[in-house]
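This report refers to the structure that appears directly beneath it.
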Amino acid sequence: MKIFIDTADIKEIKEIASWGVLDGVTTNPTLIARAGLGFKETINEICKIVNGPISVEVTSTDAEGMIKEARKLAKIHPNIIIKIPITPDGLKATKRLSKEGITINMTLVFSANQALLAAKAGAGYVSPFIGRLDDIGNEGMQVVRDIAQIFKQNGVKTKLLVASIRHPIHVIEAAKLGADVATIPPPVIRKMVTHPLTSKGIEKFLEDWKRVPKK
Ligand code: G3P
């Protein structure tokens with residue numbers, strides 16, 4: 001399973017990319033606004049740091065507007081893939097853009113039916129938002145399970161990208177279900193790397209090492 005970072009925070013992307021574990025980046029308008037820099041500046045910086053798919057979202061709601069925006073964004077860098085929300089207009093735009101060779105990440109997916117339609121329209125990725133489903137009392141991971149099974153049984157080539165991840169168990173479950181990608185916020189990636197027994201173990205080794213004569 002590939003690991004994407006779900007943020008537009010340049011400092012965080014730089015730091016976690018330096019660990020050698022990042023395959024790509026996903027952004028959305030909320031994450032760009034939170035990062036506090038200009039849109040183009042942010043995207044250009046991200047493209048310099050990570051050599052992998054970088055999702056950038058359109059903000060038009062009509063198919064023609066989405067297509068125009070997507071073509072412009074795709075020109076920024078060859079690694080840019082376009083995030084489009086799953087709506088009838090989003091599907092129309094996906095169909096046209098994927099035919100032009102622009103990769104679409106169909107976003108705001110909350111059901112297997114939406115994923116199926118996204119795949120039909122030619123999306124390269126579908127992004128089920130599992131945390132937001134959990135937040136309203138549904139089981140987000142069940143949607144991932146359904147999509148994984150449907151895609152496998154029907155030989156669908158669209159990649160399953162698990163988004164809206166809230167904690168490390170989401171990551172493990174996504175990997176166990178054979179998701180192609182998990183996009184993970186920086187705090188969750190940090191939780192994945194730490195374990196109290198690792199810290200305790202290092203402390204003990206360093207303590208014991210002090211008693212070893214260095215000759
Ligand atoms: O890429 C966006 C997606 O992961 C949203 O996450 O935490 O806003 O539900 P969240």
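Chain labels run A, B, ... following the order of the structure tokens; each chain numbers its residues from 1, and ligands are numbered from 1 in the order shown.
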
Cut-off 6 Å, only C-alpha atoms and all ligand atoms, neighbours of ligand 1 as a PyMOL selection string: chain A and resi 6+26-28+131-132+163-164

Nearby residues (only C-alpha atoms) at most 8 Å from region 64-67 of chain A, same-chain spacing under 4 positions excluded, as a PDB file with N, CA, C and O atoms, in the first residue's frame:
ATOM      1  N   VAL A  58     -10.387  20.773  -7.681  1.00  0.00           N
ATOM      2  CA  VAL A  58     -11.074  21.872  -8.364  1.00  0.00           C
ATOM      3  C   VAL A  58     -12.142  22.439  -7.428  1.00  0.00           C
ATOM      4  O   VAL A  58     -12.618  21.751  -6.526  1.00  0.00           O
ATOM      5  N   THR A  59     -12.528  23.706  -7.679  1.00  0.00           N
ATOM      6  CA  THR A  59     -13.560  24.296  -6.833  1.00  0.00           C
ATOM      7  C   THR A  59     -14.791  24.690  -7.640  1.00  0.00           C
ATOM      8  O   THR A  59     -15.770  25.173  -7.087  1.00  0.00           O
ATOM      9  N   SER A  60     -14.747  24.471  -8.951  1.00  0.00           N
ATOM     10  CA  SER A  60     -15.952  24.717  -9.757  1.00  0.00           C
ATOM     11  C   SER A  60     -16.948  23.595  -9.455  1.00  0.00           C
ATOM     12  O   SER A  60     -16.554  22.485  -9.101  1.00  0.00           O
ATOM     13  N   ARG A  71      -7.595  21.342 -16.488  1.00  0.00           N
ATOM     14  CA  ARG A  71      -6.576  21.450 -17.550  1.00  0.00           C
ATOM     15  C   ARG A  71      -5.468  22.403 -17.123  1.00  0.00           C
ATOM     16  O   ARG A  71      -4.291  22.142 -17.348  1.00  0.00           O
ATOM     17  N   ILE A  84     -11.775  15.668  -8.017  1.00  0.00           N
ATOM     18  CA  ILE A  84     -13.098  16.151  -8.418  1.00  0.00           C
ATOM     19  C   ILE A  84     -14.138  15.460  -7.540  1.00  0.00           C
ATOM     20  O   ILE A  84     -14.111  14.235  -7.397  1.00  0.00           O
ATOM     21  N   GLY A  90     -19.352  16.181 -11.835  1.00  0.00           N
ATOM     22  CA  GLY A  90     -18.020  15.624 -11.573  1.00  0.00           C
ATOM     23  C   GLY A  90     -17.753  14.410 -12.456  1.00  0.00           C
ATOM     24  O   GLY A  90     -16.649  14.232 -12.980  1.00  0.00           O
ATOM     25  N   ALA A  93     -17.161  15.582 -16.086  1.00  0.00           N
ATOM     26  CA  ALA A  93     -15.811  16.145 -16.217  1.00  0.00           C
ATOM     27  C   ALA A  93     -14.760  15.033 -16.190  1.00  0.00           C
ATOM     28  O   ALA A  93     -13.796  15.061 -16.959  1.00  0.00           O
ATOM     29  N   ARG A  96     -14.501  13.240 -19.572  1.00  0.00           N
ATOM     30  CA  ARG A  96     -13.790  14.018 -20.585  1.00  0.00           C
ATOM     31  C   ARG A  96     -12.297  14.114 -20.289  1.00  0.00           C
ATOM     32  O   ARG A  96     -11.461  13.883 -21.144  1.00  0.00           O
ATOM     33  N   LEU A  97     -11.977  14.438 -19.034  1.00  0.00           N
ATOM     34  CA  LEU A  97     -10.570  14.665 -18.678  1.00  0.00           C
ATOM     35  C   LEU A  97      -9.756  13.376 -18.731  1.00  0.00           C
ATOM     36  O   LEU A  97      -8.603  13.384 -19.165  1.00  0.00           O
TER      37      LEU A  97
END

Using only C-alpha atoms, tabulate the residues of region 52-168 of chain A lying at most 12 Å from any atom of region 172-190 of chain A, each with its closest atom pair and that distance in Å to one decimal, by chain and increasing residue number, as CSV.
residue,atom,partner,partner_atom,distance
A:Pro53,CA,A:Val181,CA,11.0
A:Ile54,CA,A:Thr183,CA,11.0
A:Ser55,CA,A:Thr183,CA,10.5
A:Asn105,CA,A:Val181,CA,11.7
A:Gly124,CA,A:Asp180,CA,11.3
A:Tyr125,CA,A:Asp180,CA,9.1
A:Val126,CA,A:Val181,CA,9.9
A:Ser127,CA,A:Thr183,CA,9.1
A:Pro128,CA,A:Ala182,CA,10.2
A:Phe129,CA,A:Thr183,CA,10.1
A:Ile130,CA,A:Ala174,CA,10.0
A:Gly131,CA,A:Ile184,CA,11.2
A:Gly140,CA,A:Ala174,CA,10.6
A:Met141,CA,A:Glu173,CA,7.6
A:Gln142,CA,A:Leu177,CA,10.1
A:Val143,CA,A:Ala174,CA,10.8
A:Val144,CA,A:Ala174,CA,7.4
A:Arg145,CA,A:Leu177,CA,6.4
A:Asp146,CA,A:Leu177,CA,9.7
A:Ile147,CA,A:Ala179,CA,9.3
A:Ala148,CA,A:Leu177,CA,6.8
A:Gln149,CA,A:Leu177,CA,8.8
A:Phe151,CA,A:Ala179,CA,10.5
A:Lys152,CA,A:Gly178,CA,9.7
A:Lys157,CA,A:Asp180,CA,10.6
A:Thr158,CA,A:Asp180,CA,9.4
A:Lys159,CA,A:Asp180,CA,5.8
A:Leu160,CA,A:Asp180,CA,5.2
A:Leu161,CA,A:Val181,CA,4.5
A:Val162,CA,A:Ala182,CA,4.7
A:Ala163,CA,A:Thr183,CA,5.3
A:Ser164,CA,A:Thr183,CA,7.6
A:Ile165,CA,A:Ile184,CA,5.9
A:Arg166,CA,A:Val188,CA,6.9
A:His167,CA,A:Val188,CA,5.6
A:Pro168,CA,A:Val188,CA,6.1

As a PDB file with C-alpha atoms, in the first residue's frame, please: every residue in chain A that a backbone DSSP assignment puts in helix (DSSP H, G or I).
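In the end it all went to part02.pdb:
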ATOM      1  CA  ILE A  10       5.095  22.400   3.701  1.00  0.00           C
ATOM      2  CA  LYS A  11       7.103  21.947   6.908  1.00  0.00           C
ATOM      3  CA  GLU A  12       5.351  18.687   7.710  1.00  0.00           C
ATOM      4  CA  ILE A  13       5.654  17.406   4.132  1.00  0.00           C
ATOM      5  CA  LYS A  14       9.394  18.206   4.123  1.00  0.00           C
ATOM      6  CA  GLU A  15       9.975  16.491   7.459  1.00  0.00           C
ATOM      7  CA  ILE A  16       8.019  13.317   6.750  1.00  0.00           C
ATOM      8  CA  ALA A  17       9.319  13.074   3.165  1.00  0.00           C
ATOM      9  CA  PRO A  29      -9.278  23.550  -0.282  1.00  0.00           C
ATOM     10  CA  THR A  30      -9.549  23.247   3.525  1.00  0.00           C
ATOM     11  CA  LEU A  31      -5.989  21.926   3.871  1.00  0.00           C
ATOM     12  CA  ILE A  32      -4.619  24.661   1.570  1.00  0.00           C
ATOM     13  CA  ALA A  33      -6.453  27.347   3.575  1.00  0.00           C
ATOM     14  CA  ARG A  34      -5.123  25.854   6.840  1.00  0.00           C
ATOM     15  CA  ALA A  35      -1.522  25.886   5.548  1.00  0.00           C
ATOM     16  CA  PHE A  39      -2.396  28.399  -3.577  1.00  0.00           C
ATOM     17  CA  LYS A  40       0.195  28.374  -6.378  1.00  0.00           C
ATOM     18  CA  GLU A  41       3.083  28.848  -3.966  1.00  0.00           C
ATOM     19  CA  THR A  42       1.894  25.862  -1.916  1.00  0.00           C
ATOM     20  CA  ILE A  43       1.439  23.543  -4.887  1.00  0.00           C
ATOM     21  CA  ASN A  44       4.779  24.509  -6.435  1.00  0.00           C
ATOM     22  CA  GLU A  45       6.571  23.858  -3.141  1.00  0.00           C
ATOM     23  CA  ILE A  46       4.900  20.460  -2.704  1.00  0.00           C
ATOM     24  CA  CYS A  47       5.893  19.462  -6.243  1.00  0.00           C
ATOM     25  CA  LYS A  48       9.510  20.249  -5.398  1.00  0.00           C
ATOM     26  CA  ILE A  49       9.491  18.083  -2.258  1.00  0.00           C
ATOM     27  CA  ALA A  63     -18.573  20.256 -15.523  1.00  0.00           C
ATOM     28  CA  GLU A  64     -17.265  22.950 -17.892  1.00  0.00           C
ATOM     29  CA  GLY A  65     -15.700  24.902 -15.034  1.00  0.00           C
ATOM     30  CA  MET A  66     -14.140  21.740 -13.576  1.00  0.00           C
ATOM     31  CA  ILE A  67     -12.655  20.822 -16.969  1.00  0.00           C
ATOM     32  CA  LYS A  68     -11.159  24.280 -17.481  1.00  0.00           C
ATOM     33  CA  GLU A  69      -9.684  24.341 -13.979  1.00  0.00           C
ATOM     34  CA  ALA A  70      -8.368  20.787 -14.248  1.00  0.00           C
ATOM     35  CA  ARG A  71      -6.576  21.450 -17.550  1.00  0.00           C
ATOM     36  CA  LYS A  72      -4.908  24.512 -16.010  1.00  0.00           C
ATOM     37  CA  LEU A  73      -3.881  22.691 -12.826  1.00  0.00           C
ATOM     38  CA  ALA A  74      -2.568  19.668 -14.726  1.00  0.00           C
ATOM     39  CA  PRO A  88     -23.203  14.213 -11.979  1.00  0.00           C
ATOM     40  CA  ASP A  89     -21.089  17.166 -13.195  1.00  0.00           C
ATOM     41  CA  GLY A  90     -18.020  15.624 -11.573  1.00  0.00           C
ATOM     42  CA  LEU A  91     -18.618  12.391 -13.499  1.00  0.00           C
ATOM     43  CA  LYS A  92     -19.062  14.281 -16.787  1.00  0.00           C
ATOM     44  CA  ALA A  93     -15.811  16.145 -16.217  1.00  0.00           C
ATOM     45  CA  THR A  94     -14.020  12.939 -15.217  1.00  0.00           C
ATOM     46  CA  LYS A  95     -15.092  11.189 -18.396  1.00  0.00           C
ATOM     47  CA  ARG A  96     -13.790  14.018 -20.585  1.00  0.00           C
ATOM     48  CA  LEU A  97     -10.570  14.665 -18.678  1.00  0.00           C
ATOM     49  CA  SER A  98      -9.585  11.015 -18.331  1.00  0.00           C
ATOM     50  CA  LYS A  99      -9.931  10.655 -22.104  1.00  0.00           C
ATOM     51  CA  ALA A 112     -19.604   1.843  -2.941  1.00  0.00           C
ATOM     52  CA  ASN A 113     -22.140   2.954  -5.557  1.00  0.00           C
ATOM     53  CA  GLN A 114     -20.391   6.297  -5.898  1.00  0.00           C
ATOM     54  CA  ALA A 115     -17.062   4.473  -6.259  1.00  0.00           C
ATOM     55  CA  LEU A 116     -18.501   2.219  -8.954  1.00  0.00           C
ATOM     56  CA  LEU A 117     -19.713   5.225 -10.972  1.00  0.00           C
ATOM     57  CA  ALA A 118     -16.393   7.032 -10.511  1.00  0.00           C
ATOM     58  CA  ALA A 119     -14.571   3.997 -11.897  1.00  0.00           C
ATOM     59  CA  LYS A 120     -17.014   3.805 -14.837  1.00  0.00           C
ATOM     60  CA  ALA A 121     -16.349   7.441 -15.684  1.00  0.00           C
ATOM     61  CA  ILE A 130     -13.880   6.857   6.202  1.00  0.00           C
ATOM     62  CA  GLY A 131     -13.382   9.133   9.219  1.00  0.00           C
ATOM     63  CA  ARG A 132     -16.303  11.344   8.235  1.00  0.00           C
ATOM     64  CA  LEU A 133     -18.512   8.244   7.977  1.00  0.00           C
ATOM     65  CA  ASP A 134     -17.355   7.059  11.417  1.00  0.00           C
ATOM     66  CA  ASP A 135     -18.124  10.570  12.718  1.00  0.00           C
ATOM     67  CA  GLY A 140     -16.383   3.891   7.157  1.00  0.00           C
ATOM     68  CA  MET A 141     -14.248   0.793   6.735  1.00  0.00           C
ATOM     69  CA  GLN A 142     -17.265  -1.190   5.505  1.00  0.00           C
ATOM     70  CA  VAL A 143     -17.376   1.073   2.441  1.00  0.00           C
ATOM     71  CA  VAL A 144     -13.690   0.364   1.822  1.00  0.00           C
ATOM     72  CA  ARG A 145     -14.368  -3.379   2.199  1.00  0.00           C
ATOM     73  CA  ASP A 146     -17.226  -3.189  -0.329  1.00  0.00           C
ATOM     74  CA  ILE A 147     -15.238  -1.147  -2.847  1.00  0.00           C
ATOM     75  CA  ALA A 148     -12.217  -3.457  -2.547  1.00  0.00           C
ATOM     76  CA  GLN A 149     -14.401  -6.512  -3.191  1.00  0.00           C
ATOM     77  CA  ILE A 150     -16.307  -4.927  -6.089  1.00  0.00           C
ATOM     78  CA  PHE A 151     -13.139  -3.675  -7.788  1.00  0.00           C
ATOM     79  CA  LYS A 152     -11.413  -7.042  -7.366  1.00  0.00           C
ATOM     80  CA  GLN A 153     -14.341  -9.111  -8.615  1.00  0.00           C
ATOM     81  CA  PRO A 168      -3.319   4.254  13.005  1.00  0.00           C
ATOM     82  CA  ILE A 169      -5.892   1.426  13.136  1.00  0.00           C
ATOM     83  CA  HIS A 170      -7.568   2.923  10.052  1.00  0.00           C
ATOM     84  CA  VAL A 171      -4.216   2.554   8.258  1.00  0.00           C
ATOM     85  CA  ILE A 172      -3.778  -1.085   9.270  1.00  0.00           C
ATOM     86  CA  GLU A 173      -7.323  -1.966   8.249  1.00  0.00           C
ATOM     87  CA  ALA A 174      -6.928  -0.221   4.889  1.00  0.00           C
ATOM     88  CA  ALA A 175      -3.720  -2.173   4.238  1.00  0.00           C
ATOM     89  CA  LYS A 176      -5.354  -5.465   5.268  1.00  0.00           C
ATOM     90  CA  PRO A 186       0.879  14.079   9.699  1.00  0.00           C
ATOM     91  CA  PRO A 187      -0.187  13.492  13.352  1.00  0.00           C
ATOM     92  CA  VAL A 188      -1.317   9.954  12.445  1.00  0.00           C
ATOM     93  CA  ILE A 189       1.954   9.239  10.579  1.00  0.00           C
ATOM     94  CA  ARG A 190       3.803  10.348  13.728  1.00  0.00           C
ATOM     95  CA  LYS A 191       1.671   7.987  15.834  1.00  0.00           C
ATOM     96  CA  MET A 192       2.499   5.143  13.414  1.00  0.00           C
ATOM     97  CA  VAL A 193       6.231   5.507  13.998  1.00  0.00           C
ATOM     98  CA  PRO A 196       6.390   3.271  24.070  1.00  0.00           C
ATOM     99  CA  LEU A 197       8.413   0.039  24.044  1.00  0.00           C
ATOM    100  CA  THR A 198      10.698   1.412  21.315  1.00  0.00           C
ATOM    101  CA  SER A 199      11.378   4.577  23.364  1.00  0.00           C
ATOM    102  CA  LYS A 200      11.826   2.542  26.563  1.00  0.00           C
ATOM    103  CA  GLY A 201      14.122   0.110  24.731  1.00  0.00           C
ATOM    104  CA  ILE A 202      16.365   2.906  23.397  1.00  0.00           C
ATOM    105  CA  GLU A 203      16.549   4.469  26.858  1.00  0.00           C
ATOM    106  CA  LYS A 204      17.631   1.142  28.429  1.00  0.00           C
ATOM    107  CA  PHE A 205      20.232   0.394  25.711  1.00  0.00           C
ATOM    108  CA  LEU A 206      21.764   3.863  26.150  1.00  0.00           C
ATOM    109  CA  GLU A 207      21.764   3.515  29.935  1.00  0.00           C
ATOM    110  CA  ASP A 208      23.452   0.082  29.812  1.00  0.00           C
ATOM    111  CA  TRP A 209      25.936   1.278  27.171  1.00  0.00           C
TER     112      TRP A 209
END

Interatomic distance (Å, one decimal) between CA of Ala8 (chain A) and CA of Ile102 (chain A):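 Atom-to-atom, CA of Ala8 (chain A) to CA of Ile102 (chain A), that is 21.5 Å.
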
Selected residue, from A:Gly36, A:Lys214, A:Asn51, A:Ile136, that lies nearest to Pro78 (chain A) when counting only C-alpha atoms: A:Asn51

Picked from region 50-187 of chain A by DSSP as strand (DSSP E), as a PyMOL selection string: chain A and resi 54-57+80-85+104-109+125-128+159-162+181-184

Create the file for the chosen residues now, containing C-alpha atoms and written as a PDB file, in the first residue's frame.
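This went into selection_38.pdb:
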ATOM      1  CA  ILE A  54      -0.077  15.206  -5.870  1.00  0.00           C
ATOM      2  CA  SER A  55      -3.831  15.684  -5.658  1.00  0.00           C
ATOM      3  CA  VAL A  56      -5.152  19.188  -6.187  1.00  0.00           C
ATOM      4  CA  GLU A  57      -8.884  19.845  -6.033  1.00  0.00           C
ATOM      5  CA  ILE A  80      -0.504  16.720 -10.463  1.00  0.00           C
ATOM      6  CA  ILE A  81      -3.677  14.686 -10.378  1.00  0.00           C
ATOM      7  CA  ILE A  82      -7.051  16.347 -10.181  1.00  0.00           C
ATOM      8  CA  LYS A  83      -9.480  15.874  -7.337  1.00  0.00           C
ATOM      9  CA  ILE A  84     -13.098  16.151  -8.418  1.00  0.00           C
ATOM     10  CA  PRO A  85     -16.098  15.605  -6.124  1.00  0.00           C
ATOM     11  CA  ILE A 104      -8.705  12.093 -11.719  1.00  0.00           C
ATOM     12  CA  ASN A 105      -8.998  11.367  -8.028  1.00  0.00           C
ATOM     13  CA  MET A 106     -12.743  11.226  -7.404  1.00  0.00           C
ATOM     14  CA  THR A 107     -13.252  12.659  -3.955  1.00  0.00           C
ATOM     15  CA  LEU A 108     -15.942  12.959  -1.271  1.00  0.00           C
ATOM     16  CA  VAL A 109     -16.916   9.336  -1.892  1.00  0.00           C
ATOM     17  CA  TYR A 125      -8.414   6.941  -7.998  1.00  0.00           C
ATOM     18  CA  VAL A 126     -11.477   6.895  -5.753  1.00  0.00           C
ATOM     19  CA  SER A 127     -11.277   8.398  -2.292  1.00  0.00           C
ATOM     20  CA  PRO A 128     -13.751   7.056   0.266  1.00  0.00           C
ATOM     21  CA  LYS A 159      -7.080   2.674  -7.464  1.00  0.00           C
ATOM     22  CA  LEU A 160      -8.676   2.599  -4.033  1.00  0.00           C
ATOM     23  CA  LEU A 161      -7.345   5.527  -1.992  1.00  0.00           C
ATOM     24  CA  VAL A 162      -8.522   5.519   1.616  1.00  0.00           C
ATOM     25  CA  VAL A 181      -3.204   4.018  -1.087  1.00  0.00           C
ATOM     26  CA  ALA A 182      -3.874   5.475   2.350  1.00  0.00           C
ATOM     27  CA  THR A 183      -3.637   9.239   2.614  1.00  0.00           C
ATOM     28  CA  ILE A 184      -2.679  10.033   6.167  1.00  0.00           C
TER      29      ILE A 184
END

Between CA of Gly122 (chain A) and CA of Ile86 (chain A) - distance in Å to one decimal: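 Taking CA of Ile86 (chain A) and CA of Gly122 (chain A), their separation equals 12.2 Å.
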